[in-house]
Amino acid sequence: MSTAHVLLGLLAGGPRHGYDLKRAHDDRLPQAKPLGYGQVYATLGRLERDGLVARSGQDQEAGPERTSYELTDLGRERLSAWLTEVEPPAPYVSSVLFNKVVVALLAAGAERATDYLTAQRIAHMTRMRELTAVKTRPGASVGDVVAADYAIGHLDADLRWLQTTLARVAELQKEVTT
Amino acid sequence: MSTALLSGSGITKSYGATPALRGVDVTVGEGEIVAITGPSGCGKSTLLHCLAGILRADQGSVVYRDQDLNLWSETSRSRLRRTEFGVLFQFGQLVPELTAAENVALPLLLAGSGRRDAREVALGWLDRFGVAELADKRPGAMSGGQQQRCAAARALVTGPRVIFADEPTGALDQLNGEQVMAAMVQAVREQGSAVVLVTHEAPIAAYADREIVLRDGVIDPSGIGIFG
Ligand SMILES: Nc1ncnc2c1ncn2[C@@H]1O[C@H](COP(=O)(O)OP(=O)(O)O)[C@@H](O)[C@H]1O
Ligand SMILES: [Mg+2]
């Protein structure tokens, strides 16, 4: 679902063509798998069907690569909801976290990115505290401790990233918006 | 929220021209574990020292069981630290001439216990921290992790109402750190002691009930809203 949200984010600044969206996606999220054109148009098709984007214009020559799309009010709402929503603190969510920060910077600015990172840090910290309570509970088995430690280690890695990224929001914004 | 056992309000503290704390409010409930976190140099240790009555705040008050510690003499504060508080620093600071058992028994002897009783209780605490077999060794003959386990035992031995721990696992490898924290948290839960835990590591802060985040000598409100 994340690709769709990224496209919504890229459209927040104004209408764009499919090929333009693909380029922007690959430039802004260099760690992500480059999008295929087919995937871009399929995703735009779904977003259009759901009323989140609408065609905003067509150049003289017909054809999908000449159609530009814009966000609808519903699309704007959906994007905003995604940026507000904290990801379930679980191992391996890091690329979603990164995408969300970049999209927040593109679509809504530094404050939005900072708010998101702060909220995500709270969610991670709360989860880490729950896991720690599980393993220090009287009668916890070694298996409980070892399993909790695995998840805690991954959350800790995310937390370090959240912390350093919070300190770099301004710098990242400059890079992302130029 | 439990009733306040210890609270600081408007704590300000500078070292010469360097402001370390710029108006910090904090409350610790009976039996509550509160983590103080934040980047290095943000004032965590200074806050812990002020709350423990080791440092006197420039401004503001530190109230322990309805008494303002800033108004007390150094003698009264150091008696309070001996009887009601336990402290644990990053490097255990054991007395090098004494054995592990003697180090742990020391606070009990200062509080008036008999030698034999004190040794017996001390041995029980060394056992809880997994270092019973080192009872008659001196710190010089122990690893850092072993010394820290003894220091934790010493901080807990009198059953203090509040334990002040400043980066207690900072000099330990991860497994040793985890084991010291687990034994400590289990013991304070049984005793009903409160803990002020300074750390910059999230997995250590996660042992606490609540986290206070400091930044540049003030509480970072985005950290507070969370767990407060
Ligand atoms: N004894 C001291 N003399 C002068 N400055 C100090 C002293 N102790 C701490 N500071 C300064 O006060 C600030 C807060 O230090 P500290 O409380 O040790 O922070 P933390 O424990 O979070 O790393 C820092 O800028 C530090 O350099
Ligand atoms: Mg410190």
# chains A, B, ... in the order shown; residues from 1 in each chain; ligands from 1

call {"tool": "residues_near_ligand", "arguments": {"ligand": "ligand 1", "cutoff": "12 Å", "atoms": "only C-alpha atoms and all ligand atoms", "output": "PyMOL selection string"}}
result
chain B and resi 12-22+36-50+55+89-90+165-167+170+197-200+213-219

call {"tool": "residues_around", "arguments": {"residues": "A:Leu105", "least_positions_apart": "6", "cutoff": "8 Å", "atoms": "only C-alpha atoms", "output": "PyMOL selection string"}}
result
chain A and resi 112-113+173+176-177

call {"tool": "residues_around", "arguments": {"residues": "stretch 147-158 of chain B", "least_positions_apart": "6", "cutoff": "7 Å", "atoms": "only C-alpha atoms", "output": "list in words"}}
result
Gly86, Val87, Leu88, Phe91, Gly92, Leu94, Ala100, Asn103, Val104, Pro107, Leu108, Ala122, Trp125, Leu126, Phe129, Pro139 and Val180 of chain B

call {"tool": "select_by_dssp", "arguments": {"residues": "stretch 26-210 of chain B", "states": "helix (DSSP H, G or I)", "output": "short mmCIF file (atom, residue, chain, number, x, y, z; two decimals) with N, CA, C and O atoms, in the first residue's frame"}}
result
data_model
loop_
_atom_site.label_atom_id
_atom_site.label_comp_id
_atom_site.auth_asym_id
_atom_site.auth_seq_id
_atom_site.Cartn_x
_atom_site.Cartn_y
_atom_site.Cartn_z
N LYS B 44 21.50 15.25 32.49
CA LYS B 44 20.94 14.09 33.20
C LYS B 44 21.61 13.85 34.56
O LYS B 44 20.95 13.71 35.58
N SER B 45 22.95 13.81 34.53
CA SER B 45 23.68 13.52 35.77
C SER B 45 23.48 14.64 36.79
O SER B 45 23.32 14.39 37.98
N THR B 46 23.49 15.88 36.30
CA THR B 46 23.29 17.01 37.20
C THR B 46 21.92 16.91 37.87
O THR B 46 21.80 17.11 39.08
N LEU B 47 20.91 16.55 37.09
CA LEU B 47 19.57 16.41 37.66
C LEU B 47 19.54 15.30 38.72
O LEU B 47 18.99 15.48 39.82
N LEU B 48 20.16 14.18 38.40
CA LEU B 48 20.18 13.07 39.37
C LEU B 48 20.89 13.50 40.66
O LEU B 48 20.41 13.23 41.76
N HIS B 49 22.01 14.19 40.51
CA HIS B 49 22.75 14.64 41.71
C HIS B 49 21.94 15.63 42.53
O HIS B 49 22.00 15.62 43.76
N CYS B 50 21.20 16.51 41.86
CA CYS B 50 20.34 17.46 42.59
C CYS B 50 19.23 16.73 43.33
O CYS B 50 18.94 17.01 44.49
N LEU B 51 18.61 15.76 42.64
CA LEU B 51 17.49 15.03 43.27
C LEU B 51 17.97 14.20 44.45
O LEU B 51 17.25 14.01 45.43
N LEU B 69 14.95 19.49 50.54
CA LEU B 69 16.35 19.12 50.77
C LEU B 69 17.32 20.29 50.62
O LEU B 69 18.37 20.32 51.23
N ASN B 70 16.94 21.26 49.79
CA ASN B 70 17.83 22.41 49.59
C ASN B 70 17.99 23.22 50.86
O ASN B 70 18.94 23.99 50.99
N LEU B 71 17.07 23.07 51.80
CA LEU B 71 17.15 23.83 53.04
C LEU B 71 17.91 23.07 54.12
O LEU B 71 18.17 23.60 55.20
N GLU B 74 24.41 20.00 54.97
CA GLU B 74 25.09 18.91 54.29
C GLU B 74 25.08 17.64 55.17
O GLU B 74 24.90 16.53 54.68
N THR B 75 25.24 17.81 56.47
CA THR B 75 25.24 16.66 57.38
C THR B 75 23.90 15.91 57.32
O THR B 75 23.87 14.68 57.22
N SER B 76 22.81 16.66 57.35
CA SER B 76 21.49 16.01 57.32
C SER B 76 21.27 15.32 55.99
O SER B 76 20.71 14.22 55.93
N ARG B 77 21.73 15.98 54.92
CA ARG B 77 21.53 15.38 53.60
C ARG B 77 22.35 14.11 53.46
O ARG B 77 21.90 13.13 52.88
N SER B 78 23.55 14.12 54.01
CA SER B 78 24.36 12.91 53.84
C SER B 78 23.81 11.79 54.73
O SER B 78 23.89 10.62 54.36
N ARG B 79 23.19 12.13 55.86
CA ARG B 79 22.54 11.09 56.67
C ARG B 79 21.36 10.50 55.89
O ARG B 79 21.17 9.28 55.85
N LEU B 80 20.60 11.37 55.24
CA LEU B 80 19.46 10.91 54.45
C LEU B 80 19.94 9.96 53.34
O LEU B 80 19.34 8.91 53.10
N ARG B 81 21.02 10.35 52.68
CA ARG B 81 21.55 9.50 51.60
C ARG B 81 21.95 8.13 52.13
O ARG B 81 21.80 7.12 51.45
N ARG B 82 22.49 8.09 53.36
CA ARG B 82 22.89 6.81 53.94
C ARG B 82 21.70 5.94 54.30
O ARG B 82 21.74 4.73 54.15
N THR B 83 20.64 6.58 54.80
CA THR B 83 19.54 5.78 55.36
C THR B 83 18.41 5.49 54.37
O THR B 83 17.85 4.41 54.39
N ALA B 100 34.29 -8.03 48.46
CA ALA B 100 32.94 -7.82 47.93
C ALA B 100 31.93 -7.83 49.06
O ALA B 100 31.08 -6.93 49.17
N ALA B 101 32.00 -8.84 49.93
CA ALA B 101 31.03 -8.95 51.02
C ALA B 101 31.14 -7.74 51.96
O ALA B 101 30.11 -7.21 52.40
N GLU B 102 32.36 -7.31 52.23
CA GLU B 102 32.55 -6.15 53.13
C GLU B 102 32.02 -4.87 52.49
O GLU B 102 31.40 -4.04 53.16
N ASN B 103 32.23 -4.72 51.19
CA ASN B 103 31.69 -3.56 50.48
C ASN B 103 30.16 -3.51 50.58
O ASN B 103 29.59 -2.46 50.86
N VAL B 104 29.55 -4.65 50.34
CA VAL B 104 28.08 -4.68 50.34
C VAL B 104 27.55 -4.52 51.76
O VAL B 104 26.49 -3.90 51.98
N ALA B 105 28.29 -5.03 52.75
CA ALA B 105 27.83 -4.94 54.14
C ALA B 105 28.00 -3.53 54.71
O ALA B 105 27.33 -3.17 55.69
N LEU B 106 28.88 -2.74 54.08
CA LEU B 106 29.24 -1.43 54.64
C LEU B 106 28.04 -0.53 54.98
O LEU B 106 27.97 -0.01 56.10
N PRO B 107 27.10 -0.35 54.06
CA PRO B 107 25.96 0.52 54.40
C PRO B 107 25.17 0.01 55.61
O PRO B 107 24.64 0.81 56.38
N LEU B 108 25.13 -1.30 55.78
CA LEU B 108 24.40 -1.87 56.92
C LEU B 108 25.15 -1.56 58.21
O LEU B 108 24.54 -1.21 59.23
N LEU B 109 26.47 -1.68 58.17
CA LEU B 109 27.29 -1.39 59.36
C LEU B 109 27.14 0.09 59.74
O LEU B 109 26.98 0.42 60.91
N LEU B 110 27.17 0.95 58.72
CA LEU B 110 27.02 2.39 58.99
C LEU B 110 25.65 2.69 59.59
O LEU B 110 25.48 3.63 60.36
N ARG B 115 27.99 -7.02 62.81
CA ARG B 115 28.87 -7.53 61.78
C ARG B 115 28.34 -8.82 61.14
O ARG B 115 28.31 -8.96 59.92
N ARG B 116 27.91 -9.74 61.98
CA ARG B 116 27.52 -11.05 61.45
C ARG B 116 26.24 -10.94 60.61
O ARG B 116 26.15 -11.49 59.52
N ASP B 117 25.28 -10.22 61.16
CA ASP B 117 24.03 -10.02 60.41
C ASP B 117 24.31 -9.35 59.07
O ASP B 117 23.78 -9.76 58.03
N ALA B 118 25.13 -8.32 59.13
CA ALA B 118 25.42 -7.56 57.92
C ALA B 118 26.04 -8.46 56.86
O ALA B 118 25.67 -8.41 55.68
N ARG B 119 26.97 -9.31 57.27
CA ARG B 119 27.62 -10.19 56.31
C ARG B 119 26.60 -11.16 55.69
O ARG B 119 26.61 -11.39 54.49
N GLU B 120 25.73 -11.67 56.53
CA GLU B 120 24.74 -12.62 56.03
C GLU B 120 23.83 -11.98 54.97
O GLU B 120 23.58 -12.54 53.91
N VAL B 121 23.34 -10.78 55.28
CA VAL B 121 22.48 -10.07 54.33
C VAL B 121 23.26 -9.76 53.05
O VAL B 121 22.76 -9.95 51.93
N ALA B 122 24.51 -9.34 53.23
CA ALA B 122 25.34 -9.00 52.06
C ALA B 122 25.52 -10.22 51.16
O ALA B 122 25.41 -10.11 49.93
N LEU B 123 25.74 -11.38 51.75
CA LEU B 123 25.92 -12.60 50.94
C LEU B 123 24.66 -12.91 50.15
O LEU B 123 24.74 -13.31 48.98
N GLY B 124 23.50 -12.69 50.75
CA GLY B 124 22.24 -12.90 50.05
C GLY B 124 22.14 -12.00 48.81
O GLY B 124 21.72 -12.43 47.74
N TRP B 125 22.57 -10.75 48.96
CA TRP B 125 22.50 -9.82 47.83
C TRP B 125 23.52 -10.14 46.74
O TRP B 125 23.22 -10.03 45.55
N LEU B 126 24.69 -10.54 47.15
CA LEU B 126 25.69 -10.96 46.15
C LEU B 126 25.13 -12.13 45.34
O LEU B 126 25.30 -12.19 44.12
N ASP B 127 24.44 -13.02 46.01
CA ASP B 127 23.85 -14.17 45.35
C ASP B 127 22.80 -13.73 44.32
O ASP B 127 22.74 -14.21 43.20
N ARG B 128 21.97 -12.77 44.71
CA ARG B 128 20.93 -12.29 43.78
C ARG B 128 21.54 -11.73 42.51
O ARG B 128 20.93 -11.76 41.45
N ALA B 132 27.94 -14.55 44.19
CA ALA B 132 28.14 -15.08 45.55
C ALA B 132 29.56 -15.63 45.74
O ALA B 132 30.16 -15.47 46.80
N GLU B 133 30.07 -16.23 44.69
CA GLU B 133 31.38 -16.89 44.83
C GLU B 133 32.54 -15.89 44.94
O GLU B 133 33.67 -16.27 45.21
N LEU B 134 32.23 -14.61 44.72
CA LEU B 134 33.29 -13.60 44.81
C LEU B 134 33.32 -12.90 46.17
O LEU B 134 34.08 -11.94 46.35
N PRO B 139 37.92 -5.85 44.91
CA PRO B 139 37.55 -5.34 43.57
C PRO B 139 38.65 -5.52 42.53
O PRO B 139 38.35 -5.83 41.37
N GLY B 140 39.91 -5.33 42.94
CA GLY B 140 41.02 -5.46 42.00
C GLY B 140 41.07 -6.82 41.31
O GLY B 140 41.64 -6.94 40.23
N ALA B 141 40.49 -7.82 41.95
CA ALA B 141 40.54 -9.17 41.38
C ALA B 141 39.26 -9.52 40.63
O ALA B 141 39.02 -10.68 40.30
N GLY B 144 35.02 -5.77 35.42
CA GLY B 144 34.15 -4.60 35.55
C GLY B 144 32.70 -5.00 35.81
O GLY B 144 32.01 -4.41 36.63
N GLY B 145 32.26 -6.03 35.10
CA GLY B 145 30.88 -6.49 35.26
C GLY B 145 30.63 -7.02 36.66
O GLY B 145 29.59 -6.76 37.27
N GLN B 146 31.61 -7.75 37.18
CA GLN B 146 31.47 -8.30 38.54
C GLN B 146 31.45 -7.18 39.57
O GLN B 146 30.66 -7.21 40.52
N GLN B 147 32.32 -6.19 39.38
CA GLN B 147 32.34 -5.06 40.32
C GLN B 147 31.00 -4.33 40.30
O GLN B 147 30.48 -3.91 41.33
N GLN B 148 30.43 -4.19 39.08
CA GLN B 148 29.18 -3.46 38.98
C GLN B 148 28.04 -4.23 39.65
O GLN B 148 27.15 -3.64 40.24
N ARG B 149 28.08 -5.54 39.57
CA ARG B 149 27.08 -6.36 40.27
C ARG B 149 27.19 -6.16 41.78
O ARG B 149 26.17 -6.04 42.47
N CYS B 150 28.41 -6.09 42.28
CA CYS B 150 28.62 -5.85 43.73
C CYS B 150 28.10 -4.46 44.10
O CYS B 150 27.47 -4.27 45.14
N ALA B 151 28.39 -3.49 43.23
CA ALA B 151 27.96 -2.12 43.52
C ALA B 151 26.43 -2.02 43.53
O ALA B 151 25.85 -1.31 44.35
N ALA B 152 25.78 -2.77 42.63
CA ALA B 152 24.31 -2.77 42.61
C ALA B 152 23.79 -3.40 43.90
O ALA B 152 22.84 -2.91 44.51
N ALA B 153 24.42 -4.49 44.32
CA ALA B 153 24.03 -5.15 45.57
C ALA B 153 24.18 -4.16 46.73
O ALA B 153 23.30 -4.05 47.59
N ARG B 154 25.27 -3.41 46.73
CA ARG B 154 25.51 -2.44 47.81
C ARG B 154 24.45 -1.33 47.80
O ARG B 154 24.01 -0.87 48.84
N ALA B 155 24.03 -0.91 46.59
CA ALA B 155 23.03 0.16 46.51
C ALA B 155 21.68 -0.29 47.05
O ALA B 155 20.88 0.53 47.50
N LEU B 156 21.42 -1.59 46.99
CA LEU B 156 20.09 -2.09 47.36
C LEU B 156 20.02 -2.66 48.77
O LEU B 156 18.93 -2.89 49.31
N GLN B 174 26.50 -5.89 26.70
CA GLN B 174 25.04 -5.92 26.67
C GLN B 174 24.44 -6.98 27.60
O GLN B 174 23.50 -6.70 28.34
N LEU B 175 25.01 -8.16 27.59
CA LEU B 175 24.43 -9.23 28.41
C LEU B 175 24.56 -8.90 29.90
O LEU B 175 23.60 -9.03 30.66
N ASN B 176 25.76 -8.43 30.30
CA ASN B 176 25.95 -8.05 31.69
C ASN B 176 25.00 -6.92 32.08
O ASN B 176 24.44 -6.92 33.18
N GLY B 177 24.85 -5.96 31.19
CA GLY B 177 23.96 -4.84 31.45
C GLY B 177 22.52 -5.30 31.65
O GLY B 177 21.85 -4.90 32.60
N GLU B 178 22.08 -6.19 30.78
CA GLU B 178 20.73 -6.74 30.87
C GLU B 178 20.54 -7.46 32.20
O GLU B 178 19.50 -7.34 32.86
N GLN B 179 21.53 -8.26 32.58
CA GLN B 179 21.40 -9.07 33.80
C GLN B 179 21.38 -8.20 35.04
O GLN B 179 20.60 -8.44 35.96
N VAL B 180 22.22 -7.17 35.05
CA VAL B 180 22.23 -6.26 36.20
C VAL B 180 20.88 -5.54 36.30
O VAL B 180 20.28 -5.44 37.37
N MET B 181 20.38 -5.05 35.16
CA MET B 181 19.09 -4.35 35.16
C MET B 181 17.96 -5.27 35.62
O MET B 181 17.10 -4.88 36.41
N ALA B 182 17.94 -6.49 35.08
CA ALA B 182 16.86 -7.41 35.42
C ALA B 182 16.85 -7.71 36.92
O ALA B 182 15.80 -7.67 37.56
N ALA B 183 18.05 -7.99 37.47
CA ALA B 183 18.13 -8.30 38.91
C ALA B 183 17.72 -7.08 39.73
O ALA B 183 17.02 -7.19 40.74
N MET B 184 18.15 -5.91 39.27
CA MET B 184 17.84 -4.69 40.02
C MET B 184 16.34 -4.40 40.00
O MET B 184 15.74 -4.11 41.03
N VAL B 185 15.74 -4.50 38.81
CA VAL B 185 14.31 -4.18 38.70
C VAL B 185 13.48 -5.17 39.52
O VAL B 185 12.55 -4.80 40.22
N GLN B 186 13.86 -6.44 39.46
CA GLN B 186 13.13 -7.44 40.24
C GLN B 186 13.21 -7.11 41.74
O GLN B 186 12.21 -7.16 42.45
N ALA B 187 14.41 -6.73 42.19
CA ALA B 187 14.59 -6.43 43.61
C ALA B 187 13.82 -5.18 44.03
O ALA B 187 13.16 -5.17 45.07
N VAL B 188 13.86 -4.13 43.21
CA VAL B 188 13.15 -2.90 43.62
C VAL B 188 11.63 -3.11 43.58
O VAL B 188 10.92 -2.52 44.38
N ARG B 189 11.17 -3.97 42.68
CA ARG B 189 9.73 -4.25 42.65
C ARG B 189 9.32 -4.94 43.95
O ARG B 189 8.27 -4.67 44.50
N GLU B 190 10.15 -5.85 44.42
CA GLU B 190 9.85 -6.54 45.68
C GLU B 190 9.90 -5.60 46.87
O GLU B 190 9.06 -5.65 47.76
N GLN B 191 10.91 -4.74 46.88
CA GLN B 191 11.11 -3.83 48.02
C GLN B 191 10.18 -2.63 47.97
O GLN B 191 10.02 -1.93 48.95
N ALA B 202 18.06 3.28 24.92
CA ALA B 202 16.62 2.98 24.93
C ALA B 202 16.28 1.65 25.61
O ALA B 202 15.35 1.61 26.40
N PRO B 203 17.01 0.57 25.33
CA PRO B 203 16.63 -0.69 25.97
C PRO B 203 16.77 -0.65 27.50
O PRO B 203 16.09 -1.41 28.19
N ILE B 204 17.62 0.22 28.01
CA ILE B 204 17.74 0.36 29.47
C ILE B 204 16.59 1.24 29.97
O ILE B 204 15.93 0.91 30.97
N ALA B 205 16.31 2.32 29.26
CA ALA B 205 15.18 3.18 29.64
C ALA B 205 13.86 2.40 29.63
O ALA B 205 12.93 2.73 30.36
#

call {"tool": "interface_residues", "arguments": {"of": "chain A", "to": "chain B", "cutoff": "9 Å", "atoms": "only C-alpha atoms", "output": "list in words"}}
result
Asp115, Thr118, Ala119, Ile122, Ala123, Met125, Thr126, Arg127, Met128, Arg129, Glu130, Leu131, Thr132, Ala133, Lys135, Thr136, Arg137, Pro138, Ile152, Gly153, Leu155, Asp156, Leu159 and Arg160 of chain A

call {"tool": "write_last_selection", "arguments": {"atoms": "N, CA and C atoms", "output": "JSON list (two decimals), in the first residue's frame"}}
result
[["chain", "number", "residue", "atom", "x", "y", "z"],
["A", 115, "ASP", "N", 6.85, 15.84, 13.64],
["A", 115, "ASP", "CA", 5.72, 15.32, 14.41],
["A", 115, "ASP", "C", 5.60, 13.81, 14.22],
["A", 118, "THR", "N", 8.46, 11.96, 15.98],
["A", 118, "THR", "CA", 8.27, 11.98, 17.43],
["A", 118, "THR", "C", 7.20, 10.97, 17.84],
["A", 119, "ALA", "N", 6.10, 10.95, 17.10],
["A", 119, "ALA", "CA", 5.02, 10.01, 17.43],
["A", 119, "ALA", "C", 5.49, 8.56, 17.24],
["A", 122, "ILE", "N", 7.63, 7.47, 20.12],
["A", 122, "ILE", "CA", 6.81, 7.14, 21.29],
["A", 122, "ILE", "C", 6.24, 5.73, 21.15],
["A", 123, "ALA", "N", 5.72, 5.43, 19.97],
["A", 123, "ALA", "CA", 5.14, 4.09, 19.75],
["A", 123, "ALA", "C", 6.20, 3.01, 19.92],
["A", 125, "MET", "N", 9.00, 3.21, 21.65],
["A", 125, "MET", "CA", 9.44, 3.17, 23.06],
["A", 125, "MET", "C", 8.40, 2.45, 23.91],
["A", 126, "THR", "N", 7.14, 2.70, 23.63],
["A", 126, "THR", "CA", 6.07, 2.05, 24.39],
["A", 126, "THR", "C", 6.10, 0.54, 24.16],
["A", 127, "ARG", "N", 6.29, 0.15, 22.92],
["A", 127, "ARG", "CA", 6.37, -1.28, 22.60],
["A", 127, "ARG", "C", 7.58, -1.91, 23.28],
["A", 128, "MET", "N", 8.69, -1.20, 23.28],
["A", 128, "MET", "CA", 9.90, -1.73, 23.90],
["A", 128, "MET", "C", 9.69, -1.92, 25.41],
["A", 129, "ARG", "N", 8.96, -0.99, 25.99],
["A", 129, "ARG", "CA", 8.67, -1.09, 27.42],
["A", 129, "ARG", "C", 7.77, -2.31, 27.71],
["A", 130, "GLU", "N", 6.79, -2.53, 26.83],
["A", 130, "GLU", "CA", 5.92, -3.70, 26.99],
["A", 130, "GLU", "C", 6.72, -5.01, 26.90],
["A", 131, "LEU", "N", 7.61, -5.07, 25.92],
["A", 131, "LEU", "CA", 8.42, -6.27, 25.75],
["A", 131, "LEU", "C", 9.34, -6.48, 26.95],
["A", 132, "THR", "N", 9.86, -5.38, 27.48],
["A", 132, "THR", "CA", 10.75, -5.48, 28.64],
["A", 132, "THR", "C", 9.96, -5.96, 29.86],
["A", 133, "ALA", "N", 8.72, -5.50, 29.98],
["A", 133, "ALA", "CA", 7.89, -5.95, 31.09],
["A", 133, "ALA", "C", 7.63, -7.46, 30.97],
["A", 135, "LYS", "N", 9.60, -9.70, 29.69],
["A", 135, "LYS", "CA", 10.76, -10.54, 30.02],
["A", 135, "LYS", "C", 11.19, -10.40, 31.48],
["A", 136, "THR", "N", 10.76, -9.33, 32.16],
["A", 136, "THR", "CA", 11.14, -9.21, 33.58],
["A", 136, "THR", "C", 10.03, -9.69, 34.51],
["A", 137, "ARG", "N", 8.93, -10.12, 33.93],
["A", 137, "ARG", "CA", 7.83, -10.66, 34.73],
["A", 137, "ARG", "C", 8.34, -11.87, 35.52],
["A", 138, "PRO", "N", 7.96, -11.97, 36.80],
["A", 138, "PRO", "CA", 8.41, -13.15, 37.55],
["A", 138, "PRO", "C", 7.93, -14.42, 36.85],
["A", 152, "ILE", "N", 13.35, -6.42, 20.81],
["A", 152, "ILE", "CA", 13.90, -5.21, 21.42],
["A", 152, "ILE", "C", 15.11, -4.71, 20.63],
["A", 153, "GLY", "N", 15.95, -5.65, 20.21],
["A", 153, "GLY", "CA", 17.14, -5.28, 19.43],
["A", 153, "GLY", "C", 16.76, -4.57, 18.13],
["A", 155, "LEU", "N", 13.85, -3.01, 17.50],
["A", 155, "LEU", "CA", 13.24, -1.72, 17.82],
["A", 155, "LEU", "C", 14.31, -0.69, 18.18],
["A", 156, "ASP", "N", 15.35, -1.16, 18.87],
["A", 156, "ASP", "CA", 16.44, -0.26, 19.25],
["A", 156, "ASP", "C", 17.14, 0.30, 18.02],
["A", 159, "LEU", "N", 14.93, 2.90, 16.68],
["A", 159, "LEU", "CA", 14.94, 4.08, 17.56],
["A", 159, "LEU", "C", 16.18, 4.94, 17.34],
["A", 160, "ARG", "N", 17.32, 4.28, 17.16],
["A", 160, "ARG", "CA", 18.54, 5.06, 16.89],
["A", 160, "ARG", "C", 18.37, 5.85, 15.60]]

call {"tool": "residues_around", "arguments": {"residues": "A:Lys22", "least_positions_apart": "6", "cutoff": "8 Å", "atoms": "only C-alpha atoms", "output": "PDB file with C-alpha atoms, in the first residue's frame"}}
result
ATOM      1  CA  PRO A  34      12.655   1.469  -8.914  1.00  0.00           C
ATOM      2  CA  LEU A  35       9.029   1.600 -10.053  1.00  0.00           C
ATOM      3  CA  GLY A  36       8.105   0.042 -13.386  1.00  0.00           C
ATOM      4  CA  TYR A  37       5.888   2.135 -15.673  1.00  0.00           C
ATOM      5  CA  VAL A  40       2.805   3.357 -11.900  1.00  0.00           C
TER       6      VAL A  40
END

call {"tool": "select_by_dssp", "arguments": {"residues": "chain A", "states": "strand (DSSP E or B)", "output": "list in words"}}
result
Arg16, His17, Val53, Ala54, Arg55, Ser56, Gly57, Gln58, Thr67, Ser68, Tyr69, Glu70 and Leu71 of chain A

call {"tool": "closest_residue", "arguments": {"among": "B:Asp220, B:Pro168, B:Val28, B:Arg65", "to": "ligand 2", "atoms": "only C-alpha atoms and all ligand atoms"}}
result
B:Pro168

call {"tool": "residues_around", "arguments": {"residues": "A:His5", "least_positions_apart": "3", "cutoff": "12 Å", "atoms": "only C-alpha atoms", "output": "number ranges by chain"}}
result
A: 1-2, 8-12, 25, 40, 43-44, 46-47, 52-53, 71, 75-83, 96, 99-100, 102-104, 107

call {"tool": "residues_around", "arguments": {"residues": "A:Gly18", "least_positions_apart": "3", "cutoff": "8 Å", "atoms": "only C-alpha atoms", "output": "list in words"}}
result
Leu21, Lys22, Tyr37, Val40, Tyr41, Pro64, Glu65, Arg66, Thr67, Ser68 and Tyr69 of chain A

call {"tool": "decode", "arguments": {"residues": "stretch 125-134 of chain B", "atoms": "N, CA, C and O atoms", "output": "tab-separated table (two decimals), in the first residue's frame"}}
result
chain	number	residue	atom	x	y	z
B	125	TRP	N	22.57	-10.75	48.96
B	125	TRP	CA	22.50	-9.82	47.83
B	125	TRP	C	23.52	-10.14	46.74
B	125	TRP	O	23.22	-10.03	45.55
B	126	LEU	N	24.69	-10.54	47.15
B	126	LEU	CA	25.69	-10.96	46.15
B	126	LEU	C	25.13	-12.13	45.34
B	126	LEU	O	25.30	-12.19	44.12
B	127	ASP	N	24.44	-13.02	46.01
B	127	ASP	CA	23.85	-14.17	45.35
B	127	ASP	C	22.80	-13.73	44.32
B	127	ASP	O	22.74	-14.21	43.20
B	128	ARG	N	21.97	-12.77	44.71
B	128	ARG	CA	20.93	-12.29	43.78
B	128	ARG	C	21.54	-11.73	42.51
B	128	ARG	O	20.93	-11.76	41.45
B	129	PHE	N	22.72	-11.13	42.66
B	129	PHE	CA	23.37	-10.54	41.48
B	129	PHE	C	24.37	-11.51	40.84
B	129	PHE	O	25.17	-11.11	40.00
B	130	GLY	N	24.30	-12.76	41.26
B	130	GLY	CA	25.08	-13.80	40.58
B	130	GLY	C	26.57	-13.77	40.87
B	130	GLY	O	27.36	-14.28	40.06
B	131	VAL	N	26.99	-13.18	42.00
B	131	VAL	CA	28.42	-13.11	42.29
B	131	VAL	C	28.73	-13.60	43.71
B	131	VAL	O	29.69	-13.15	44.33
B	132	ALA	N	27.94	-14.55	44.19
B	132	ALA	CA	28.14	-15.08	45.55
B	132	ALA	C	29.56	-15.63	45.74
B	132	ALA	O	30.16	-15.47	46.80
B	133	GLU	N	30.07	-16.23	44.69
B	133	GLU	CA	31.38	-16.89	44.83
B	133	GLU	C	32.54	-15.89	44.94
B	133	GLU	O	33.67	-16.27	45.21
B	134	LEU	N	32.23	-14.61	44.72
B	134	LEU	CA	33.29	-13.60	44.81
B	134	LEU	C	33.32	-12.90	46.17
B	134	LEU	O	34.08	-11.94	46.35
